[in-house]
file structure.pdb (PDB, N, CA and C atoms)
ATOM      1  N   MET A 856       9.696  -3.210   3.953
ATOM      2  CA  MET A 856      10.047  -1.996   3.258
ATOM      3  C   MET A 856       8.778  -1.301   2.802
ATOM      4  N   ASN A 857       8.741  -0.008   2.950
ATOM      5  CA  ASN A 857       7.593   0.805   2.572
ATOM      6  C   ASN A 857       7.338   0.684   1.068
ATOM      7  N   LYS A 858       6.122   0.316   0.687
ATOM      8  CA  LYS A 858       5.796   0.110  -0.730
ATOM      9  C   LYS A 858       5.897   1.386  -1.547
ATOM     10  N   THR A 859       5.621   2.534  -0.938
ATOM     11  CA  THR A 859       5.730   3.810  -1.649
ATOM     12  C   THR A 859       7.189   4.106  -1.985
ATOM     13  N   VAL A 860       8.067   3.856  -1.034
ATOM     14  CA  VAL A 860       9.501   4.068  -1.267
ATOM     15  C   VAL A 860       9.995   3.103  -2.335
ATOM     16  N   LEU A 861       9.618   1.844  -2.233
ATOM     17  CA  LEU A 861      10.040   0.845  -3.206
ATOM     18  C   LEU A 861       9.596   1.213  -4.619
ATOM     19  N   ALA A 862       8.395   1.713  -4.758
ATOM     20  CA  ALA A 862       7.878   2.088  -6.075
ATOM     21  C   ALA A 862       8.657   3.251  -6.688
ATOM     22  N   ALA A 863       9.246   4.096  -5.849
ATOM     23  CA  ALA A 863       9.980   5.257  -6.348
ATOM     24  C   ALA A 863      11.425   4.945  -6.696
ATOM     25  N   LEU A 864      11.961   3.848  -6.167
ATOM     26  CA  LEU A 864      13.364   3.516  -6.396
ATOM     27  C   LEU A 864      13.563   2.780  -7.712
ATOM     28  N   VAL A 865      14.674   3.076  -8.376
ATOM     29  CA  VAL A 865      15.071   2.371  -9.591
ATOM     30  C   VAL A 865      16.556   2.022  -9.475
ATOM     31  N   CYS A 866      16.986   1.107 -10.289
ATOM     32  CA  CYS A 866      18.390   0.712 -10.313
ATOM     33  C   CYS A 866      19.234   1.906 -10.748
ATOM     34  N   PRO A 867      20.291   2.234 -10.008
ATOM     35  CA  PRO A 867      21.130   3.370 -10.399
ATOM     36  C   PRO A 867      21.941   3.121 -11.673
ATOM     37  N   GLU A 868      22.085   1.860 -12.067
ATOM     38  CA  GLU A 868      22.850   1.536 -13.269
ATOM     39  C   GLU A 868      21.992   1.638 -14.539
ATOM     40  N   CYS A 869      20.840   0.947 -14.547
ATOM     41  CA  CYS A 869      20.033   0.877 -15.774
ATOM     42  C   CYS A 869      18.698   1.608 -15.669
ATOM     43  N   LYS A 870      18.376   2.108 -14.469
ATOM     44  CA  LYS A 870      17.096   2.783 -14.192
ATOM     45  C   LYS A 870      15.912   1.829 -14.287
ATOM     46  N   GLY A 871      16.189   0.531 -14.154
ATOM     47  CA  GLY A 871      15.149  -0.487 -14.223
ATOM     48  C   GLY A 871      14.458  -0.714 -12.892
ATOM     49  N   LYS A 872      13.416  -1.523 -12.942
ATOM     50  CA  LYS A 872      12.596  -1.851 -11.772
ATOM     51  C   LYS A 872      13.390  -2.735 -10.806
ATOM     52  N   LEU A 873      13.141  -2.534  -9.523
ATOM     53  CA  LEU A 873      13.783  -3.323  -8.479
ATOM     54  C   LEU A 873      12.763  -4.219  -7.795
ATOM     55  N   GLU A 874      13.217  -5.389  -7.370
ATOM     56  CA  GLU A 874      12.370  -6.334  -6.650
ATOM     57  C   GLU A 874      12.907  -6.466  -5.226
ATOM     58  N   TYR A 875      12.017  -6.392  -4.261
ATOM     59  CA  TYR A 875      12.387  -6.479  -2.850
ATOM     60  C   TYR A 875      12.486  -7.936  -2.427
ATOM     61  N   ASP A 876      13.626  -8.322  -1.890
ATOM     62  CA  ASP A 876      13.832  -9.654  -1.322
ATOM     63  C   ASP A 876      13.862  -9.487   0.196
ATOM     64  N   LYS A 877      12.726  -9.770   0.829
ATOM     65  CA  LYS A 877      12.590  -9.547   2.270
ATOM     66  C   LYS A 877      13.560 -10.419   3.070
ATOM     67  N   ALA A 878      13.703 -11.680   2.702
ATOM     68  CA  ALA A 878      14.565 -12.600   3.440
ATOM     69  C   ALA A 878      16.032 -12.162   3.411
ATOM     70  N   ALA A 879      16.493 -11.691   2.261
ATOM     71  CA  ALA A 879      17.894 -11.274   2.119
ATOM     72  C   ALA A 879      18.110  -9.808   2.492
ATOM     73  N   GLN A 880      17.006  -9.062   2.671
ATOM     74  CA  GLN A 880      17.082  -7.616   2.920
ATOM     75  C   GLN A 880      17.893  -6.929   1.827
ATOM     76  N   GLU A 881      17.435  -7.136   0.586
ATOM     77  CA  GLU A 881      18.098  -6.579  -0.597
ATOM     78  C   GLU A 881      17.055  -6.150  -1.616
ATOM     79  N   LEU A 882      17.483  -5.284  -2.509
ATOM     80  CA  LEU A 882      16.704  -4.934  -3.693
ATOM     81  C   LEU A 882      17.442  -5.519  -4.891
ATOM     82  N   HIS A 883      16.711  -6.269  -5.723
ATOM     83  CA  HIS A 883      17.326  -6.944  -6.856
ATOM     84  C   HIS A 883      16.953  -6.285  -8.171
ATOM     85  N   CYS A 884      17.968  -6.090  -9.005
ATOM     86  CA  CYS A 884      17.756  -5.649 -10.382
ATOM     87  C   CYS A 884      18.083  -6.845 -11.273
ATOM     88  N   HIS A 885      17.055  -7.406 -11.884
ATOM     89  CA  HIS A 885      17.270  -8.586 -12.718
ATOM     90  C   HIS A 885      17.891  -8.218 -14.061
ATOM     91  N   ALA A 886      17.710  -7.012 -14.513
ATOM     92  CA  ALA A 886      18.314  -6.582 -15.778
ATOM     93  C   ALA A 886      19.838  -6.501 -15.656
ATOM     94  N   CYS A 887      20.318  -5.954 -14.563
ATOM     95  CA  CYS A 887      21.765  -5.805 -14.335
ATOM     96  C   CYS A 887      22.358  -6.979 -13.574
ATOM     97  N   GLN A 888      21.474  -7.826 -13.011
ATOM     98  CA  GLN A 888      21.909  -8.947 -12.170
ATOM     99  C   GLN A 888      22.697  -8.471 -10.953
ATOM    100  N   LEU A 889      22.190  -7.385 -10.305
ATOM    101  CA  LEU A 889      22.818  -6.830  -9.114
ATOM    102  C   LEU A 889      21.835  -6.819  -7.948
ATOM    103  N   ALA A 890      22.388  -6.923  -6.747
ATOM    104  CA  ALA A 890      21.600  -6.847  -5.513
ATOM    105  C   ALA A 890      22.121  -5.688  -4.687
ATOM    106  N   TYR A 891      21.220  -4.813  -4.267
ATOM    107  CA  TYR A 891      21.558  -3.648  -3.444
ATOM    108  C   TYR A 891      21.115  -3.934  -2.014
ATOM    109  N   PRO A 892      22.010  -3.803  -1.045
ATOM    110  CA  PRO A 892      21.656  -4.127   0.345
ATOM    111  C   PRO A 892      20.727  -3.091   0.970
ATOM    112  N   ILE A 893      20.001  -3.537   1.975
ATOM    113  CA  ILE A 893      19.189  -2.656   2.807
ATOM    114  C   ILE A 893      19.785  -2.737   4.202
ATOM    115  N   GLU A 894      20.270  -1.612   4.700
ATOM    116  CA  GLU A 894      20.905  -1.569   6.019
ATOM    117  C   GLU A 894      20.104  -0.643   6.932
ATOM    118  N   ASP A 895      19.687  -1.172   8.068
ATOM    119  CA  ASP A 895      18.871  -0.415   9.030
ATOM    120  C   ASP A 895      17.649   0.206   8.363
ATOM    121  N   GLU A 896      17.000  -0.595   7.505
ATOM    122  CA  GLU A 896      15.787  -0.205   6.774
ATOM    123  C   GLU A 896      16.017   0.891   5.736
ATOM    124  N   ILE A 897      17.275   1.134   5.357
ATOM    125  CA  ILE A 897      17.612   2.149   4.358
ATOM    126  C   ILE A 897      18.295   1.467   3.176
ATOM    127  N   PRO A 898      17.726   1.571   1.968
ATOM    128  CA  PRO A 898      18.372   0.987   0.797
ATOM    129  C   PRO A 898      19.687   1.712   0.478
ATOM    130  N   VAL A 899      20.722   0.937   0.249
ATOM    131  CA  VAL A 899      22.028   1.489  -0.119
ATOM    132  C   VAL A 899      22.124   1.387  -1.646
ATOM    133  N   MET A 900      21.806   2.489  -2.318
ATOM    134  CA  MET A 900      21.700   2.496  -3.772
ATOM    135  C   MET A 900      22.991   2.976  -4.442
ATOM    136  N   LEU A 901      24.105   2.408  -4.045
ATOM    137  CA  LEU A 901      25.404   2.739  -4.621
ATOM    138  C   LEU A 901      25.917   1.519  -5.378
ATOM    139  N   ALA A 902      26.313   1.717  -6.629
ATOM    140  CA  ALA A 902      26.763   0.611  -7.450
ATOM    141  C   ALA A 902      27.955  -0.118  -6.845
ATOM    142  N   ASP A 903      28.837   0.611  -6.170
ATOM    143  CA  ASP A 903      30.000  -0.029  -5.581
ATOM    144  C   ASP A 903      29.661  -0.849  -4.330
ATOM    145  N   LYS A 904      28.472  -0.702  -3.785
ATOM    146  CA  LYS A 904      28.013  -1.503  -2.641
ATOM    147  C   LYS A 904      27.165  -2.689  -3.074
ATOM    148  N   ALA A 905      26.775  -2.729  -4.344
ATOM    149  CA  ALA A 905      25.963  -3.822  -4.875
ATOM    150  C   ALA A 905      26.834  -5.062  -5.094
ATOM    151  N   HIS A 906      26.175  -6.203  -5.131
ATOM    152  CA  HIS A 906      26.899  -7.434  -5.454
ATOM    153  C   HIS A 906      26.091  -8.209  -6.494
ATOM    154  N   PRO A 907      26.766  -9.084  -7.233
ATOM    155  CA  PRO A 907      26.056  -9.857  -8.267
ATOM    156  C   PRO A 907      24.997 -10.779  -7.653
ATOM    157  N   LEU A 908      23.888 -10.912  -8.351
ATOM    158  CA  LEU A 908      22.863 -11.858  -7.926
ATOM    159  C   LEU A 908      23.388 -13.271  -8.117
ATOM    160  N   ALA A 909      23.061 -14.144  -7.191
ATOM    161  CA  ALA A 909      23.467 -15.546  -7.304
ATOM    162  C   ALA A 909      22.676 -16.205  -8.438
ATOM    163  N   ALA A 910      23.337 -17.049  -9.165
ATOM    164  CA  ALA A 910      22.667 -17.782 -10.256
ATOM    165  C   ALA A 910      21.683 -18.763  -9.657
ATOM    166  N   LYS A 911      20.509 -18.854 -10.245
ATOM    167  CA  LYS A 911      19.477 -19.765  -9.736
ATOM    168  C   LYS A 911      19.471 -21.046 -10.535
TER
END
call {"tool": "encode", "arguments": {"input": "structure.pdb", "output": "structure tokens"}}
result
Amino acid sequence: MNKTVLAALVCPECKGKLEYDKAAQELHCHACQLAYPIEDEIPVMLADKAHPLAAK
């Protein structure tokens, strides 16, 4: 994922910082505990498409 694009994106729910998970092809918001998918190299930043982060 392009670092410039990643730096500009924020969580649509809390406006917090997102972390890129390359293996899962997702952007993670640890504040909201949500994961946003990346499909065909395009982040899907819709809350209804996000899923809860798995507990570690």
call {"tool": "resolve_selection", "arguments": {"input": "structure.pdb", "expression": "the PyMOL selection byres ((chain A and resi 893-898) around 8)", "output": "ChimeraX atom specification"}}
result
/A:856-857,879-882,890-892,899-901
call {"tool": "atom_distance", "arguments": {"input": "structure.pdb", "atom1": "atom C of Lys872 (chain A)", "atom2": "CA of His885 (chain A)"}}
result
7.3 Å
call {"tool": "residues_near_point", "arguments": {"input": "structure.pdb", "point": "(19.6, -4.6, -17.4)", "cutoff": "6 Å", "atoms": "only C-alpha atoms", "output": "MDAnalysis selection string"}}
result
chainID A and resid 869 886:887
call {"tool": "atom_distance", "arguments": {"input": "structure.pdb", "atom1": "CA of Val865 (chain A)", "atom2": "atom N of Ala905 (chain A)"}}
result
13.8 Å
call {"tool": "select_by_dssp", "arguments": {"input": "structure.pdb", "residues": "chain A", "states": "alpha helix (DSSP H)", "output": "MDAnalysis selection string"}}
result
chainID A and resid 858:863
call {"tool": "select_by_dssp", "arguments": {"input": "structure.pdb", "residues": "chain A", "states": "strand (DSSP E or B)", "output": "list of chain:residue names"}}
result
A:Glu874, A:Tyr875, A:Asp876, A:Glu881, A:Leu882, A:His883, A:Cys884, A:Leu889, A:Ala890, A:Tyr891, A:Pro892, A:Ile893, A:Glu894, A:Ile897, A:Pro898, A:His906, A:Pro907
call {"tool": "atom_distance", "arguments": {"input": "structure.pdb", "atom1": "CA of Ala909 (chain A)", "atom2": "CA of Lys877 (chain A)"}}
result
15.7 Å
call {"tool": "residues_around", "arguments": {"input": "structure.pdb", "residues": "Lys858 (chain A)", "least_positions_apart": "5", "cutoff": "12 Å", "atoms": "only C-alpha atoms", "output": "number ranges by chain"}}
result
A: 863-864, 873-875
call {"tool": "resolve_selection", "arguments": {"input": "structure.pdb", "expression": "the PyMOL selection byres (((chain A and resi 889 and name CA) around 6) and name CA)", "output": "PDB file with N, CA and C atoms, keeping the file's coordinate frame"}}
result
ATOM      1  N   HIS A 883      16.711  -6.269  -5.723  1.00  0.00           N
ATOM      2  CA  HIS A 883      17.326  -6.944  -6.856  1.00  0.00           C
ATOM      3  C   HIS A 883      16.953  -6.285  -8.171  1.00  0.00           C
ATOM      4  N   CYS A 884      17.968  -6.090  -9.005  1.00  0.00           N
ATOM      5  CA  CYS A 884      17.756  -5.649 -10.382  1.00  0.00           C
ATOM      6  C   CYS A 884      18.083  -6.845 -11.273  1.00  0.00           C
ATOM      7  N   CYS A 887      20.318  -5.954 -14.563  1.00  0.00           N
ATOM      8  CA  CYS A 887      21.765  -5.805 -14.335  1.00  0.00           C
ATOM      9  C   CYS A 887      22.358  -6.979 -13.574  1.00  0.00           C
ATOM     10  N   GLN A 888      21.474  -7.826 -13.011  1.00  0.00           N
ATOM     11  CA  GLN A 888      21.909  -8.947 -12.170  1.00  0.00           C
ATOM     12  C   GLN A 888      22.697  -8.471 -10.953  1.00  0.00           C
ATOM     13  N   ALA A 890      22.388  -6.923  -6.747  1.00  0.00           N
ATOM     14  CA  ALA A 890      21.600  -6.847  -5.513  1.00  0.00           C
ATOM     15  C   ALA A 890      22.121  -5.688  -4.687  1.00  0.00           C
ATOM     16  N   HIS A 906      26.175  -6.203  -5.131  1.00  0.00           N
ATOM     17  CA  HIS A 906      26.899  -7.434  -5.454  1.00  0.00           C
ATOM     18  C   HIS A 906      26.091  -8.209  -6.494  1.00  0.00           C
ATOM     19  N   PRO A 907      26.766  -9.084  -7.233  1.00  0.00           N
ATOM     20  CA  PRO A 907      26.056  -9.857  -8.267  1.00  0.00           C
ATOM     21  C   PRO A 907      24.997 -10.779  -7.653  1.00  0.00           C
ATOM     22  N   LEU A 908      23.888 -10.912  -8.351  1.00  0.00           N
ATOM     23  CA  LEU A 908      22.863 -11.858  -7.926  1.00  0.00           C
ATOM     24  C   LEU A 908      23.388 -13.271  -8.117  1.00  0.00           C
TER      25      LEU A 908
END
